[in-house]
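Okay, work.cif is below, mmCIF, C-alpha atoms:
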data_run
loop_
_atom_site.label_atom_id
_atom_site.label_comp_id
_atom_site.auth_asym_id
_atom_site.auth_seq_id
_atom_site.Cartn_x
_atom_site.Cartn_y
_atom_site.Cartn_z
CA MET A 1 0.00 0.00 0.00
CA ALA A 2 1.46 3.33 -1.08
CA VAL A 3 1.53 5.75 1.83
CA GLU A 4 2.76 9.29 2.21
CA LEU A 5 3.03 11.21 5.49
CA GLU A 6 2.63 14.90 4.76
CA PRO A 7 3.67 17.44 7.41
CA CYS A 8 0.66 19.50 8.40
CA GLY A 9 1.53 23.02 9.52
CA PRO A 10 -0.66 25.27 11.64
CA GLU A 11 -2.18 26.85 8.54
CA ARG A 12 -3.85 23.47 7.85
CA ARG A 13 -4.94 22.58 11.37
CA GLU A 14 -8.59 22.80 10.32
CA VAL A 15 -8.05 19.75 8.07
CA VAL A 16 -7.03 17.73 11.12
CA ALA A 17 -9.90 19.22 13.13
CA ASN A 18 -12.36 18.10 10.45
CA LEU A 19 -10.93 14.57 10.30
CA PHE A 20 -10.92 14.51 14.08
CA GLN A 21 -14.71 14.57 14.06
CA PHE A 22 -14.68 11.11 12.47
CA TYR A 23 -11.99 9.94 14.88
CA VAL A 24 -13.95 11.00 17.96
CA HIS A 25 -17.11 9.42 16.56
CA ASP A 26 -15.29 6.09 16.05
CA PHE A 27 -13.42 6.25 19.33
CA ALA A 28 -16.55 6.98 21.38
CA ASP A 29 -17.39 3.26 21.16
CA PHE A 30 -14.47 2.57 23.51
CA TRP A 31 -15.15 5.17 26.20
CA VAL A 32 -16.40 4.02 29.58
CA SER A 33 -18.25 7.34 29.92
CA ARG A 34 -18.95 10.13 27.42
CA GLN A 35 -15.92 12.38 27.04
CA ALA A 36 -17.17 14.71 24.32
CA ASP A 37 -20.54 16.23 23.56
CA PHE A 38 -21.96 17.75 20.41
CA GLN A 39 -21.62 21.50 20.36
CA GLU A 40 -24.37 23.78 19.06
CA ASP A 41 -22.77 23.69 15.58
CA GLY A 42 -23.28 19.90 15.47
CA ARG A 43 -19.60 19.07 15.91
CA PHE A 44 -17.79 17.48 18.81
CA GLY A 45 -15.89 19.94 20.97
CA ARG A 46 -12.11 20.01 20.75
CA TYR A 47 -11.15 16.74 22.36
CA PRO A 48 -8.26 16.66 23.09
CA PRO A 49 -6.91 20.15 22.53
CA LEU A 50 -5.53 19.82 19.00
CA ASP A 51 -3.66 23.13 19.12
CA ASP A 52 -1.07 21.46 21.36
CA TYR A 53 0.27 19.56 18.35
CA TRP A 54 1.35 22.85 16.79
CA ASP A 55 1.92 25.03 19.85
CA ARG A 56 3.90 22.79 22.22
CA PRO A 57 7.50 21.67 21.76
CA GLY A 58 7.72 18.20 20.25
CA GLY A 59 4.22 18.32 18.79
CA GLU A 60 3.84 17.21 15.21
CA ALA A 61 0.88 16.69 12.90
CA LEU A 62 1.04 14.59 9.75
CA LEU A 63 -1.62 13.86 7.16
CA ILE A 64 -1.82 10.33 5.80
CA ARG A 65 -2.23 10.10 2.04
CA THR A 66 -2.49 7.20 -0.36
CA ARG A 67 -2.16 7.79 -4.09
CA GLY A 68 -2.50 11.51 -3.31
CA GLN A 69 -5.82 11.02 -1.51
CA LEU A 70 -6.25 12.24 2.07
CA ALA A 71 -6.85 9.18 4.28
CA GLY A 72 -6.15 10.13 7.91
CA PHE A 73 -3.68 11.70 10.34
CA VAL A 74 -0.86 10.99 12.77
CA LEU A 75 -0.39 13.24 15.81
CA ILE A 76 2.87 12.90 17.71
CA ASN A 77 3.98 14.48 20.97
CA ARG A 78 6.37 13.78 23.82
CA GLU A 79 3.81 13.22 26.56
CA GLY A 80 3.73 9.50 27.24
CA HIS A 81 1.30 7.72 29.51
CA SER A 82 3.67 5.52 31.51
CA GLY A 83 5.09 8.25 33.70
CA LEU A 84 8.53 7.42 32.28
CA ALA A 85 10.56 9.52 29.87
CA CYS A 86 10.14 8.98 26.14
CA ASP A 87 11.32 10.71 22.99
CA PHE A 88 8.03 10.33 21.11
CA ASN A 89 4.44 9.45 21.91
CA MET A 90 1.81 8.39 19.40
CA GLY A 91 -0.74 10.94 20.57
CA GLU A 92 -3.54 10.17 18.12
CA PHE A 93 -3.73 8.07 14.98
CA PHE A 94 -6.61 7.82 12.52
CA VAL A 95 -7.26 6.12 9.21
CA GLY A 96 -10.69 6.80 7.70
CA ARG A 97 -13.01 3.84 7.28
CA PRO A 98 -12.81 3.77 3.46
CA TYR A 99 -9.04 3.12 3.77
CA ARG A 100 -9.00 0.47 6.47
CA ARG A 101 -8.16 -3.21 6.03
CA GLU A 102 -5.80 -2.43 3.13
CA GLY A 103 -2.52 -2.20 5.07
CA LEU A 104 -2.51 1.59 4.93
CA GLY A 105 -2.66 2.03 8.71
CA ARG A 106 0.24 -0.35 9.31
CA ALA A 107 2.31 1.31 6.57
CA ALA A 108 1.58 4.80 7.93
CA ALA A 109 2.31 3.83 11.53
CA LEU A 110 5.60 2.15 10.62
CA ALA A 111 6.61 5.11 8.44
CA ALA A 112 5.96 7.51 11.32
CA LEU A 113 7.91 5.37 13.80
CA ARG A 114 10.88 4.58 11.55
CA ALA A 115 11.34 8.23 10.55
CA ARG A 116 11.83 9.16 14.22
CA PRO A 117 14.45 6.98 15.91
CA GLY A 118 14.27 6.91 19.67
CA LEU A 119 12.17 5.69 22.57
CA TRP A 120 8.45 5.62 21.74
CA GLU A 121 5.28 5.12 23.72
CA ILE A 122 1.99 3.99 22.28
CA ALA A 123 -0.92 3.93 24.73
CA VAL A 124 -4.05 2.02 23.74
CA ALA A 125 -7.41 2.25 25.47
CA ARG A 126 -8.27 -0.94 27.36
CA ARG A 127 -11.64 -1.30 25.65
CA ASN A 128 -10.20 -0.79 22.16
CA LEU A 129 -9.28 -4.42 21.49
CA PRO A 130 -8.84 -4.03 17.72
CA ALA A 131 -6.34 -1.20 18.30
CA GLN A 132 -4.45 -3.25 20.89
CA ALA A 133 -3.87 -6.02 18.33
CA PHE A 134 -2.97 -3.49 15.61
CA TRP A 135 -0.45 -1.56 17.71
CA LEU A 136 1.20 -4.66 19.14
CA GLN A 137 1.74 -5.95 15.60
CA VAL A 138 3.12 -2.58 14.46
CA ALA A 139 5.35 -2.16 17.52
CA THR A 140 6.87 -5.64 17.33
CA ALA A 141 7.76 -5.00 13.68
CA THR A 142 10.31 -2.47 14.96
CA GLY A 143 11.92 -4.76 17.57
CA PRO A 144 11.40 -5.71 21.21
CA VAL A 145 8.43 -4.16 23.00
CA GLU A 146 7.82 -3.61 26.70
CA ALA A 147 4.12 -3.62 27.57
CA LEU A 148 3.05 -1.85 30.75
CA ASP A 149 -0.48 -2.14 32.08
CA ARG A 150 -1.87 1.11 33.46
CA ASP A 151 -5.14 1.45 35.34
CA ASP A 152 -5.21 4.80 37.05
CA ALA A 153 -6.59 8.31 36.67
CA HIS A 154 -4.07 9.08 33.91
CA TRP A 155 -4.59 6.05 31.64
CA ASN A 156 -6.49 2.78 31.47
CA GLY A 157 -4.90 0.21 29.19
CA PRO A 158 -1.62 -1.05 27.84
CA VAL A 159 1.28 1.28 27.17
CA LEU A 160 3.76 -0.09 24.66
CA ARG A 161 7.35 1.13 24.96
CA LEU A 162 9.74 0.47 22.11
CA THR A 163 13.02 1.76 20.81
CA VAL A 164 13.22 2.48 17.11
CA ALA A 165 16.76 2.24 15.80
CA GLY A 166 18.19 4.96 13.57
#
Written form, structure tokens:
Amino acid sequence: MAVELEPCGPERREVVANLFQFYVHDFADFWVSRQADFQEDGRFGRYPPLDDYWDRPGGEALLIRTRGQLAGFVLINREGHSGLACDFNMGEFFVGRPYRREGLGRAAALAALRARPGLWEIAVARRNLPAQAFWLQVATATGPVEALDRDDAHWNGPVLRLTVAG
């Protein structure tokens, strides 16, 4: 599957915000309790604050494309969920439904990881079983993985820690 990760600067943050509506809609199936409500304009509120990916050090937004077509996004930061230091954290990752089950997500995730050598964290919601299987497969493709199980106020689910070689 041909994949391209396109840097998304602050001038295009609305593209990510629009795609994020689909992401929140999909992800709501895995919440224990509602974490976002519709606003009066019919959209979900900003969950989480997307501006952080442009305004905070280490934040990065990438658009996923296949054959030139917009297909999703990758949001990277340095704020892991384990409480331990990391170089990169997979903050949010989304592939639109029309592009799933074709290998695009795996290709995009591996491209994002391999382009950024260092210590990564990938936290997966406990109730999101399909994502747990996906991310474990992606992470182990880069080498050994340490899986931590968190169940506290900060995170509920596995946190994968892996080192991507340069």
Can you tell me, as a ChimeraX atom specification, what residues are no more than 9 Å from segment 63-80 of chain A when counting all atoms listed in the file, ignoring any on the same chain fewer than 5 positions away? /A:1-8,15-16,19-20,50,52-53,56-58,85-99,104-105,108-109,112,120-123,159
Can you spell out as a list of chain:residue names the set of residues that the PyMOL selection byres ((chain A and resi 117) around 7) selects in the structure I just provided?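 That selection, the PyMOL selection byres ((chain A and resi 117) around 7), comes back as A:Arg114, A:Ala115, A:Arg116, A:Gly118, A:Val164, A:Ala165, A:Gly166.
Among A:Val24, A:Leu129, A:Ala141, A:Ala147, the residue with the shortest atom-to-atom distance to Arg106 of chain A, counting all atoms listed in the file, is A:Ala141.
Of the residues listed (A:Leu160, A:Leu62, A:Leu84, A:Leu113), A:Leu160 shows the shortest atom-to-atom separation from Gln132 of chain A; distances use only C-alpha atoms.
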What gap, in Å, lies between atom CA of Pro158 of chain A and atom CA of Asp37 of chain A?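 We find that atom CA of Pro158 of chain A and atom CA of Asp37 of chain A lie 26.0 Å from each other.
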For Ala17 of chain A, which of A:Asp151, A:Asp41, A:Asp51, A:Glu102 is the closest residue, counting all atoms listed in the file? A:Asp51
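Picked out by the PyMOL selection byres ((chain A and resi 143) around 10) when it runs on this file: Val138, Ala139, Thr140, Ala141, Thr142, Pro144, Val145, Leu162, Thr163, Val164 and Ala165 of chain A.
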How far is it from atom CA of Glu60 of chain A to atom CA of Gly103 of chain A, in Å with one decimal? 22.8 Å
Kindly give the distance, in Å, that separates atom CA of Gln137 of chain A and atom CA of Ala111 of chain A, rounded to a single decimal.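 Distance between the two atoms: 14.0 Å.
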Could you complete segment 95-106 of chain A so that it carries all heavy atoms, and give it back as a PDB file, in the frame of the given file?
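So the final result, stored in part.pdb, reads:
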ATOM      1  N   VAL A  95      -7.098   6.443  10.625  1.00  0.00           N
ATOM      2  CA  VAL A  95      -7.260   6.120   9.210  1.00  0.00           C
ATOM      3  C   VAL A  95      -8.768   6.042   8.971  1.00  0.00           C
ATOM      4  O   VAL A  95      -9.478   5.313   9.681  1.00  0.00           O
ATOM      5  CB  VAL A  95      -6.571   4.795   8.842  1.00  0.00           C
ATOM      6  CG1 VAL A  95      -6.891   4.387   7.412  1.00  0.00           C
ATOM      7  CG2 VAL A  95      -5.058   4.905   9.041  1.00  0.00           C
ATOM      8  N   GLY A  96      -9.257   6.791   8.003  1.00  0.00           N
ATOM      9  CA  GLY A  96     -10.690   6.800   7.700  1.00  0.00           C
ATOM     10  C   GLY A  96     -11.181   5.433   7.263  1.00  0.00           C
ATOM     11  O   GLY A  96     -10.453   4.641   6.668  1.00  0.00           O
ATOM     12  N   ARG A  97     -12.428   5.153   7.562  1.00  0.00           N
ATOM     13  CA  ARG A  97     -13.010   3.840   7.280  1.00  0.00           C
ATOM     14  C   ARG A  97     -12.847   3.377   5.828  1.00  0.00           C
ATOM     15  O   ARG A  97     -12.611   2.200   5.589  1.00  0.00           O
ATOM     16  CB  ARG A  97     -14.481   3.817   7.678  1.00  0.00           C
ATOM     17  CG  ARG A  97     -14.650   3.780   9.177  1.00  0.00           C
ATOM     18  CD  ARG A  97     -16.085   3.659   9.578  1.00  0.00           C
ATOM     19  NE  ARG A  97     -16.167   3.638  11.041  1.00  0.00           N
ATOM     20  CZ  ARG A  97     -17.241   3.346  11.698  1.00  0.00           C
ATOM     21  NH1 ARG A  97     -18.355   3.045  11.051  1.00  0.00           N
ATOM     22  NH2 ARG A  97     -17.244   3.356  13.014  1.00  0.00           N
ATOM     23  N   PRO A  98     -12.972   4.262   4.832  1.00  0.00           N
ATOM     24  CA  PRO A  98     -12.810   3.770   3.460  1.00  0.00           C
ATOM     25  C   PRO A  98     -11.408   3.221   3.160  1.00  0.00           C
ATOM     26  O   PRO A  98     -11.225   2.543   2.155  1.00  0.00           O
ATOM     27  CB  PRO A  98     -13.081   5.001   2.591  1.00  0.00           C
ATOM     28  CG  PRO A  98     -13.864   5.926   3.457  1.00  0.00           C
ATOM     29  CD  PRO A  98     -13.388   5.667   4.851  1.00  0.00           C
ATOM     30  N   TYR A  99     -10.426   3.503   4.027  1.00  0.00           N
ATOM     31  CA  TYR A  99      -9.040   3.120   3.770  1.00  0.00           C
ATOM     32  C   TYR A  99      -8.536   2.028   4.702  1.00  0.00           C
ATOM     33  O   TYR A  99      -7.363   1.686   4.695  1.00  0.00           O
ATOM     34  CB  TYR A  99      -8.138   4.359   3.874  1.00  0.00           C
ATOM     35  CG  TYR A  99      -8.608   5.441   2.947  1.00  0.00           C
ATOM     36  CD1 TYR A  99      -9.408   6.477   3.410  1.00  0.00           C
ATOM     37  CD2 TYR A  99      -8.307   5.397   1.592  1.00  0.00           C
ATOM     38  CE1 TYR A  99      -9.873   7.456   2.551  1.00  0.00           C
ATOM     39  CE2 TYR A  99      -8.767   6.370   0.728  1.00  0.00           C
ATOM     40  CZ  TYR A  99      -9.554   7.389   1.211  1.00  0.00           C
ATOM     41  OH  TYR A  99     -10.018   8.344   0.356  1.00  0.00           O
ATOM     42  N   ARG A 100      -9.404   1.496   5.511  1.00  0.00           N
ATOM     43  CA  ARG A 100      -9.000   0.470   6.470  1.00  0.00           C
ATOM     44  C   ARG A 100      -8.981  -0.907   5.809  1.00  0.00           C
ATOM     45  O   ARG A 100      -9.588  -1.133   4.778  1.00  0.00           O
ATOM     46  CB  ARG A 100      -9.950   0.462   7.664  1.00  0.00           C
ATOM     47  CG  ARG A 100      -9.850   1.748   8.463  1.00  0.00           C
ATOM     48  CD  ARG A 100     -10.768   1.752   9.648  1.00  0.00           C
ATOM     49  NE  ARG A 100     -10.802   3.082  10.236  1.00  0.00           N
ATOM     50  CZ  ARG A 100     -11.672   3.463  11.136  1.00  0.00           C
ATOM     51  NH1 ARG A 100     -12.577   2.620  11.593  1.00  0.00           N
ATOM     52  NH2 ARG A 100     -11.640   4.690  11.616  1.00  0.00           N
ATOM     53  N   ARG A 101      -8.264  -1.805   6.458  1.00  0.00           N
ATOM     54  CA  ARG A 101      -8.160  -3.210   6.030  1.00  0.00           C
ATOM     55  C   ARG A 101      -7.417  -3.361   4.708  1.00  0.00           C
ATOM     56  O   ARG A 101      -7.583  -4.338   3.999  1.00  0.00           O
ATOM     57  CB  ARG A 101      -9.530  -3.878   5.927  1.00  0.00           C
ATOM     58  CG  ARG A 101     -10.397  -3.725   7.148  1.00  0.00           C
ATOM     59  CD  ARG A 101      -9.978  -4.696   8.237  1.00  0.00           C
ATOM     60  NE  ARG A 101     -10.890  -4.634   9.363  1.00  0.00           N
ATOM     61  CZ  ARG A 101     -10.607  -4.013  10.515  1.00  0.00           C
ATOM     62  NH1 ARG A 101      -9.461  -3.410  10.678  1.00  0.00           N
ATOM     63  NH2 ARG A 101     -11.467  -4.026  11.505  1.00  0.00           N
ATOM     64  N   GLU A 102      -6.589  -2.372   4.360  1.00  0.00           N
ATOM     65  CA  GLU A 102      -5.800  -2.430   3.130  1.00  0.00           C
ATOM     66  C   GLU A 102      -4.299  -2.386   3.426  1.00  0.00           C
ATOM     67  O   GLU A 102      -3.504  -2.347   2.508  1.00  0.00           O
ATOM     68  CB  GLU A 102      -6.153  -1.255   2.211  1.00  0.00           C
ATOM     69  CG  GLU A 102      -7.600  -1.223   1.760  1.00  0.00           C
ATOM     70  CD  GLU A 102      -7.921  -0.003   0.911  1.00  0.00           C
ATOM     71  OE1 GLU A 102      -7.023   0.827   0.641  1.00  0.00           O
ATOM     72  OE2 GLU A 102      -9.089   0.128   0.515  1.00  0.00           O
ATOM     73  N   GLY A 103      -3.931  -2.312   4.703  1.00  0.00           N
ATOM     74  CA  GLY A 103      -2.520  -2.200   5.070  1.00  0.00           C
ATOM     75  C   GLY A 103      -2.030  -0.770   5.173  1.00  0.00           C
ATOM     76  O   GLY A 103      -0.874  -0.532   5.518  1.00  0.00           O
ATOM     77  N   LEU A 104      -2.905   0.184   4.887  1.00  0.00           N
ATOM     78  CA  LEU A 104      -2.510   1.590   4.930  1.00  0.00           C
ATOM     79  C   LEU A 104      -2.138   2.027   6.347  1.00  0.00           C
ATOM     80  O   LEU A 104      -1.138   2.709   6.554  1.00  0.00           O
ATOM     81  CB  LEU A 104      -3.619   2.479   4.380  1.00  0.00           C
ATOM     82  CG  LEU A 104      -3.341   3.980   4.422  1.00  0.00           C
ATOM     83  CD1 LEU A 104      -2.210   4.331   3.473  1.00  0.00           C
ATOM     84  CD2 LEU A 104      -4.587   4.764   4.075  1.00  0.00           C
ATOM     85  N   GLY A 105      -2.943   1.640   7.329  1.00  0.00           N
ATOM     86  CA  GLY A 105      -2.660   2.030   8.710  1.00  0.00           C
ATOM     87  C   GLY A 105      -1.318   1.510   9.180  1.00  0.00           C
ATOM     88  O   GLY A 105      -0.527   2.243   9.771  1.00  0.00           O
ATOM     89  N   ARG A 106      -1.053   0.241   8.923  1.00  0.00           N
ATOM     90  CA  ARG A 106       0.240  -0.350   9.310  1.00  0.00           C
ATOM     91  C   ARG A 106       1.385   0.381   8.617  1.00  0.00           C
ATOM     92  O   ARG A 106       2.381   0.733   9.246  1.00  0.00           O
ATOM     93  CB  ARG A 106       0.240  -1.830   8.961  1.00  0.00           C
ATOM     94  CG  ARG A 106       1.551  -2.530   9.243  1.00  0.00           C
ATOM     95  CD  ARG A 106       1.444  -4.020   8.869  1.00  0.00           C
ATOM     96  NE  ARG A 106       2.720  -4.667   8.704  1.00  0.00           N
ATOM     97  CZ  ARG A 106       3.514  -5.061   9.680  1.00  0.00           C
ATOM     98  NH1 ARG A 106       3.166  -4.849  10.930  1.00  0.00           N
ATOM     99  NH2 ARG A 106       4.667  -5.653   9.433  1.00  0.00           N
TER     100      ARG A 106
END
